[in-house]
Amino acid sequence: MLKKLILSASLLLPLSFSAQAAIQSGSNGSLNWTAEMSWSLPARPLDVAQSLDNKRVFILGDDARIYIFDPNGRQLGVMPVTPDINAIDISARGDLLFVTSQKDKTYSALSISFNQKIDITGAPVRGKIDAPVTLVLFSDFECPWCGRLEPALDQLLTQNKDKLRLVFKHMPLSMHEYAESAALAAIASQRQGKFWEMHDALFQVKNWNENVVEETAKKIGLNMDKFHADLESPETQTQLAKDARDAQEADISATPSLFINTKPVRDRSLAGLQKMVDEAFAAAGDK
């Protein structure tokens with residue numbers, strides 16, 4: 001039914017629309033209203049839906065296209081549809097789009113995602129440093145789902161030694177008591193060239209407590225004086241804050257979150273990851 005299901009970041013258009021509001025501010029008895037935002041549309045609107053987090057507005061036009069905007073009127077992308085689509089709706093976060101066709105009497109649910117170009121400057125890398133395929137991982141050492149994903153990622157790197165590199169980005173969740181201290185410890189370990197040793201050891205922790213970081217640093221043979229200094233340094237805090245900003249800009253709210261050559265990963269099974277690596281490798285060879 002739809003000609004395109006996944007929106008690419010290459011479609012992001014730096015356009016902003018403003019127009020005289022169709023309904024002006026006013027009042028009527030006990031009712032008051034204010035025109036907060038208005039922008040011109042590229043086509044006559046047939047239906048509209050907005051995510052509950054107020055990040056995306058979807059407008060079905062009479063030109064067989066769905067236009068996606070941010071709440072300020074910046075156009076984020078355009079999805080072509082067949083002319084018989086007459087109504088749309090979206091999930092709360094705006095990552096699922098629902099469309100109906102009166103003509104075909106059909107309902108379709110489609111996943112929506114945007115490619116994200118993520119800055120990996122200074123981030124630790126595992127695998128071939130100049131590999132044509134890059135997997136960016138936002139992770140949390142105390143997150144059980146992140147830990148369960150690690151064996152699949154290890155196997156993926158083993159299967160794609162010449163194709164793939166893995167880039168680690170920190171995203172400690174506030175619900176995890178020791179996640180931030182673990183992330184800072186990993187960054188401090190990176191200063192001694194032992195990030196991956198700390199990474200592997202932290203993902204083996206079964207019972208988190210306030211002594212885990214110190215004990216793990218000793219276990220992997222760090223210079224403890226330097227480790228303590230790096231742990232408290234502004235540079236370590238800055239690197240963690242940068243990863244948090246990068247996650248926010250990529251609209252990430254959960255861990256683990258993965259991107260393969262900028263494309264969001266939904267199927268985190270080994271087979272699903274391998275399929276995306278193969279597709280990204282083929283696409284890189286075509287350029």
# chains A, B, ... in the order shown; residues from 1 in each chain; ligands from 1
>>> closest_atom_pairs(of="range 63-182 of chain A", to="range 236-246 of chain A", cutoff="9 Å", atoms="only C-alpha atoms", output="CSV")
residue,atom,partner,partner_atom,distance
A:Ile118,CA,A:Asp246,CA,6.6
A:Asp119,CA,A:Asp246,CA,7.2
A:Ile120,CA,A:Asp243,CA,8.9
A:Gly122,CA,A:Gln239,CA,8.1
A:Ala123,CA,A:Gln239,CA,8.6
A:Phe138,CA,A:Asp243,CA,8.4
A:Lys169,CA,A:Asp243,CA,5.9
A:His170,CA,A:Asp243,CA,5.8
A:Met171,CA,A:Ala244,CA,6.1
A:Pro172,CA,A:Ala244,CA,8.5
A:Glu180,CA,A:Leu240,CA,8.7
>>> write_last_selection(atoms="N, CA and C atoms", output="short mmCIF file (atom, residue, chain, number, x, y, z; two decimals), in the first residue's frame")
data_model
loop_
_atom_site.label_atom_id
_atom_site.label_comp_id
_atom_site.auth_asym_id
_atom_site.auth_seq_id
_atom_site.Cartn_x
_atom_site.Cartn_y
_atom_site.Cartn_z
N ILE A 118 25.13 10.25 14.14
CA ILE A 118 25.56 10.41 15.53
C ILE A 118 27.06 10.68 15.58
N ASP A 119 27.43 11.68 16.32
CA ASP A 119 28.85 12.03 16.48
C ASP A 119 29.53 10.98 17.36
N ILE A 120 30.55 10.33 16.82
CA ILE A 120 31.24 9.28 17.57
C ILE A 120 32.65 9.71 17.97
N GLY A 122 35.71 10.51 19.89
CA GLY A 122 36.18 10.16 21.22
C GLY A 122 35.56 8.92 21.82
N ALA A 123 34.60 8.31 21.14
CA ALA A 123 33.93 7.12 21.67
C ALA A 123 34.80 5.88 21.43
N PHE A 138 24.01 2.66 22.15
CA PHE A 138 23.78 3.40 23.39
C PHE A 138 23.39 2.38 24.45
N LYS A 169 28.40 4.11 23.12
CA LYS A 169 27.98 5.40 23.68
C LYS A 169 27.26 5.13 25.01
N HIS A 170 27.56 5.96 26.01
CA HIS A 170 26.99 5.76 27.34
C HIS A 170 25.60 6.39 27.45
N MET A 171 24.68 5.65 28.06
CA MET A 171 23.37 6.17 28.37
C MET A 171 22.88 5.57 29.68
N PRO A 172 23.50 5.93 30.80
CA PRO A 172 23.06 5.39 32.10
C PRO A 172 21.67 5.92 32.45
N GLU A 180 25.40 5.37 36.42
CA GLU A 180 26.22 6.54 36.11
C GLU A 180 27.65 6.37 36.61
#
>>> residues_around(residues="Leu46 in chain A", least_positions_apart="6", cutoff="12 Å", atoms="only C-alpha atoms", output="count of residues only")
16
>>> closest_residue(among="A:Val167, A:Ile187, A:Ile260, A:Cys143", to="Val205 in chain A", atoms="only C-alpha atoms")
A:Cys143
>>> closest_residue(among="A:Pro124, A:Gly26, A:Pro42, A:Gly193", to="Val136 in chain A", atoms="only C-alpha atoms")
A:Pro124
>>> select_by_dssp(residues="range 25-259 of chain A", states="strand (DSSP E)", output="MDAnalysis selection string")
chainID A and resid 26:28 31:33 45:50 57:61 65:69 75:80 85:90 96:101 106:111 125:127 133:139 164:170 257:259
>>> write_last_selection(atoms="C-alpha atoms", output="PDB file, in the first residue's frame")
ATOM      1  CA  GLY A  26     -10.454  35.294  21.428  1.00  0.00           C
ATOM      2  CA  SER A  27     -13.034  34.430  24.013  1.00  0.00           C
ATOM      3  CA  ASN A  28     -16.706  33.558  24.209  1.00  0.00           C
ATOM      4  CA  LEU A  31     -14.247  30.003  27.012  1.00  0.00           C
ATOM      5  CA  ASN A  32     -10.879  31.495  26.026  1.00  0.00           C
ATOM      6  CA  TRP A  33      -8.538  30.463  23.222  1.00  0.00           C
ATOM      7  CA  PRO A  45      -4.991  18.517   4.481  1.00  0.00           C
ATOM      8  CA  LEU A  46      -7.344  15.538   4.672  1.00  0.00           C
ATOM      9  CA  ASP A  47      -6.431  14.260   8.140  1.00  0.00           C
ATOM     10  CA  VAL A  48      -4.032  15.089  10.960  1.00  0.00           C
ATOM     11  CA  ALA A  49      -2.553  13.286  13.960  1.00  0.00           C
ATOM     12  CA  GLN A  50      -0.064  14.381  16.616  1.00  0.00           C
ATOM     13  CA  VAL A  57       2.692  16.138  13.608  1.00  0.00           C
ATOM     14  CA  PHE A  58       1.480  13.916  10.740  1.00  0.00           C
ATOM     15  CA  ILE A  59      -0.693  15.493   8.035  1.00  0.00           C
ATOM     16  CA  LEU A  60      -2.294  13.508   5.222  1.00  0.00           C
ATOM     17  CA  GLY A  61      -2.442  15.684   2.095  1.00  0.00           C
ATOM     18  CA  ARG A  65       1.529  12.123   0.714  1.00  0.00           C
ATOM     19  CA  ILE A  66       1.901  12.199   4.493  1.00  0.00           C
ATOM     20  CA  TYR A  67       3.861  15.215   5.666  1.00  0.00           C
ATOM     21  CA  ILE A  68       5.667  15.008   8.998  1.00  0.00           C
ATOM     22  CA  PHE A  69       6.507  18.147  10.962  1.00  0.00           C
ATOM     23  CA  GLN A  75       9.217  19.583   7.888  1.00  0.00           C
ATOM     24  CA  LEU A  76      10.885  16.320   8.963  1.00  0.00           C
ATOM     25  CA  GLY A  77       9.983  14.108   6.045  1.00  0.00           C
ATOM     26  CA  VAL A  78       7.447  13.121   3.397  1.00  0.00           C
ATOM     27  CA  MET A  79       5.972   9.656   2.904  1.00  0.00           C
ATOM     28  CA  PRO A  80       4.217   8.816  -0.376  1.00  0.00           C
ATOM     29  CA  ILE A  85      -5.603   6.403   1.924  1.00  0.00           C
ATOM     30  CA  ASN A  86      -8.242   8.502   3.660  1.00  0.00           C
ATOM     31  CA  ALA A  87      -7.376   8.512   7.373  1.00  0.00           C
ATOM     32  CA  ILE A  88      -4.312   8.323   9.609  1.00  0.00           C
ATOM     33  CA  ASP A  89      -3.492   7.944  13.285  1.00  0.00           C
ATOM     34  CA  ILE A  90      -0.286   7.432  15.263  1.00  0.00           C
ATOM     35  CA  LEU A  96       3.848   3.684  14.592  1.00  0.00           C
ATOM     36  CA  LEU A  97       1.628   5.063  11.854  1.00  0.00           C
ATOM     37  CA  PHE A  98      -1.875   3.687  11.260  1.00  0.00           C
ATOM     38  CA  VAL A  99      -3.601   4.222   7.905  1.00  0.00           C
ATOM     39  CA  THR A 100      -6.952   3.143   6.482  1.00  0.00           C
ATOM     40  CA  SER A 101      -8.315   2.860   2.968  1.00  0.00           C
ATOM     41  CA  THR A 106      -7.895  -2.089   4.720  1.00  0.00           C
ATOM     42  CA  TYR A 107      -6.046  -1.057   7.874  1.00  0.00           C
ATOM     43  CA  SER A 108      -2.242  -0.977   8.044  1.00  0.00           C
ATOM     44  CA  ALA A 109       0.186  -0.331  10.916  1.00  0.00           C
ATOM     45  CA  LEU A 110       3.642   0.834   9.881  1.00  0.00           C
ATOM     46  CA  SER A 111       6.792   1.459  11.905  1.00  0.00           C
ATOM     47  CA  VAL A 125      35.604   1.435  19.111  1.00  0.00           C
ATOM     48  CA  ARG A 126      35.765  -2.354  18.894  1.00  0.00           C
ATOM     49  CA  GLY A 127      36.456  -4.095  15.586  1.00  0.00           C
ATOM     50  CA  VAL A 133      29.758  -0.549   8.482  1.00  0.00           C
ATOM     51  CA  THR A 134      29.402   1.189  11.842  1.00  0.00           C
ATOM     52  CA  LEU A 135      27.154  -0.026  14.629  1.00  0.00           C
ATOM     53  CA  VAL A 136      26.564   2.675  17.257  1.00  0.00           C
ATOM     54  CA  LEU A 137      25.309   1.329  20.575  1.00  0.00           C
ATOM     55  CA  PHE A 138      23.778   3.402  23.389  1.00  0.00           C
ATOM     56  CA  SER A 139      24.012   1.249  26.483  1.00  0.00           C
ATOM     57  CA  LEU A 164      32.037  -3.976  11.003  1.00  0.00           C
ATOM     58  CA  ARG A 165      33.097  -1.740  13.853  1.00  0.00           C
ATOM     59  CA  LEU A 166      31.131  -1.219  17.070  1.00  0.00           C
ATOM     60  CA  VAL A 167      31.054   2.203  18.721  1.00  0.00           C
ATOM     61  CA  PHE A 168      29.962   2.422  22.363  1.00  0.00           C
ATOM     62  CA  LYS A 169      27.978   5.403  23.684  1.00  0.00           C
ATOM     63  CA  HIS A 170      26.985   5.762  27.339  1.00  0.00           C
ATOM     64  CA  SER A 257      19.485   1.497  21.298  1.00  0.00           C
ATOM     65  CA  LEU A 258      21.423   0.647  18.143  1.00  0.00           C
ATOM     66  CA  PHE A 259      22.077   2.229  14.759  1.00  0.00           C
TER      67      PHE A 259
END
>>> residues_around(residues="Lys226 in chain A", least_positions_apart="2", cutoff="10 Å", atoms="only C-alpha atoms", output="PDB file with N, CA and C atoms, in the first residue's frame")
ATOM      1  N   ALA A 188      36.876   6.637  32.610  1.00  0.00           N
ATOM      2  CA  ALA A 188      38.179   6.762  33.261  1.00  0.00           C
ATOM      3  C   ALA A 188      39.108   5.632  32.830  1.00  0.00           C
ATOM      4  N   SER A 189      38.577   4.438  32.670  1.00  0.00           N
ATOM      5  CA  SER A 189      39.380   3.295  32.209  1.00  0.00           C
ATOM      6  C   SER A 189      39.867   3.517  30.779  1.00  0.00           C
ATOM      7  N   ARG A 191      40.849   6.203  29.576  1.00  0.00           N
ATOM      8  CA  ARG A 191      42.036   7.066  29.655  1.00  0.00           C
ATOM      9  C   ARG A 191      43.310   6.235  29.815  1.00  0.00           C
ATOM     10  N   GLN A 192      43.172   5.008  30.307  1.00  0.00           N
ATOM     11  CA  GLN A 192      44.318   4.108  30.447  1.00  0.00           C
ATOM     12  C   GLN A 192      44.332   3.016  29.379  1.00  0.00           C
ATOM     13  N   LEU A 222      44.115  -1.465  36.721  1.00  0.00           N
ATOM     14  CA  LEU A 222      44.300  -0.037  36.469  1.00  0.00           C
ATOM     15  C   LEU A 222      45.271   0.585  37.473  1.00  0.00           C
ATOM     16  N   ASN A 223      45.913   1.651  37.048  1.00  0.00           N
ATOM     17  CA  ASN A 223      46.649   2.503  37.975  1.00  0.00           C
ATOM     18  C   ASN A 223      45.601   3.243  38.794  1.00  0.00           C
ATOM     19  N   MET A 224      45.484   2.906  40.072  1.00  0.00           N
ATOM     20  CA  MET A 224      44.359   3.391  40.863  1.00  0.00           C
ATOM     21  C   MET A 224      44.433   4.883  41.150  1.00  0.00           C
ATOM     22  N   HIS A 228      41.357   7.223  39.981  1.00  0.00           N
ATOM     23  CA  HIS A 228      40.587   8.103  40.860  1.00  0.00           C
ATOM     24  C   HIS A 228      40.612   9.539  40.362  1.00  0.00           C
ATOM     25  N   ALA A 229      41.748   9.984  39.861  1.00  0.00           N
ATOM     26  CA  ALA A 229      41.853  11.348  39.337  1.00  0.00           C
ATOM     27  C   ALA A 229      40.992  11.522  38.096  1.00  0.00           C
ATOM     28  N   ASP A 230      41.052  10.538  37.188  1.00  0.00           N
ATOM     29  CA  ASP A 230      40.246  10.616  35.963  1.00  0.00           C
ATOM     30  C   ASP A 230      38.753  10.502  36.269  1.00  0.00           C
ATOM     31  N   LEU A 231      38.425   9.725  37.282  1.00  0.00           N
ATOM     32  CA  LEU A 231      37.027   9.535  37.660  1.00  0.00           C
ATOM     33  C   LEU A 231      36.385  10.862  38.062  1.00  0.00           C
TER      34      LEU A 231
END
>>> residues_around(residues="His199 in chain A", least_positions_apart="6", cutoff="10 Å", atoms="only C-alpha atoms", output="mmCIF file with C-alpha atoms, in the first residue's frame")
data_model
loop_
_atom_site.group_PDB
_atom_site.id
_atom_site.type_symbol
_atom_site.label_atom_id
_atom_site.label_comp_id
_atom_site.auth_asym_id
_atom_site.auth_seq_id
_atom_site.Cartn_x
_atom_site.Cartn_y
_atom_site.Cartn_z
ATOM 1 C CA PHE A 141 26.030 -1.288 32.274
ATOM 2 C CA PHE A 168 29.962 2.422 22.363
ATOM 3 C CA ALA A 182 29.823 2.618 36.128
ATOM 4 C CA ALA A 183 29.770 4.798 33.005
ATOM 5 C CA ALA A 185 34.454 4.385 35.587
ATOM 6 C CA ALA A 186 34.456 3.054 32.023
ATOM 7 C CA ILE A 187 35.386 6.487 30.683
ATOM 8 C CA SER A 189 39.380 3.295 32.209
ATOM 9 C CA GLN A 190 39.418 4.486 28.611
ATOM 10 C CA THR A 216 36.514 -3.910 39.077
#
>>> residues_around(residues="Glu279 in chain A", least_positions_apart="4", cutoff="10 Å", atoms="only C-alpha atoms", output="list in words")
Val133, Ile260, Asn261, Leu273, Gln274, Lys275, Ala283, Ala284 and Gly285 of chain A
>>> closest_residue(among="A:Glu232, A:Ala152, A:Glu142, A:Asp251", to="Lys55 in chain A", atoms="only C-alpha atoms")
A:Asp251
>>> atom_distance(atom1="CA of Ser51 in chain A", atom2="CA of Pro71 in chain A")
9.9 Å
>>> select_by_dssp(residues="range 92-252 of chain A", states="alpha helix (DSSP H)", output="ChimeraX atom specification")
/A:144-159,179-190,195-202,212-219,224-231,234-249
>>> atom_distance(atom1="CA of Asp154 in chain A", atom2="CA of Leu270 in chain A")
9.9 Å
>>> closest_residue(among="A:Met198, A:Pro144, A:Gly29, A:Asp267", to="His176 in chain A", atoms="only C-alpha atoms")
A:Pro144
>>> closest_residue(among="A:Asp162, A:Glu249, A:Glu235, A:Glu210", to="Ile129 in chain A", atoms="only C-alpha atoms")
A:Asp162
>>> atom_distance(atom1="CA of Asn160 in chain A", atom2="CA of Gln248 in chain A")
29.4 Å
>>> closest_residue(among="A:Ala179, A:Ala35, A:Val277, A:Ile252", to="Leu153 in chain A", atoms="only C-alpha atoms")
A:Val277
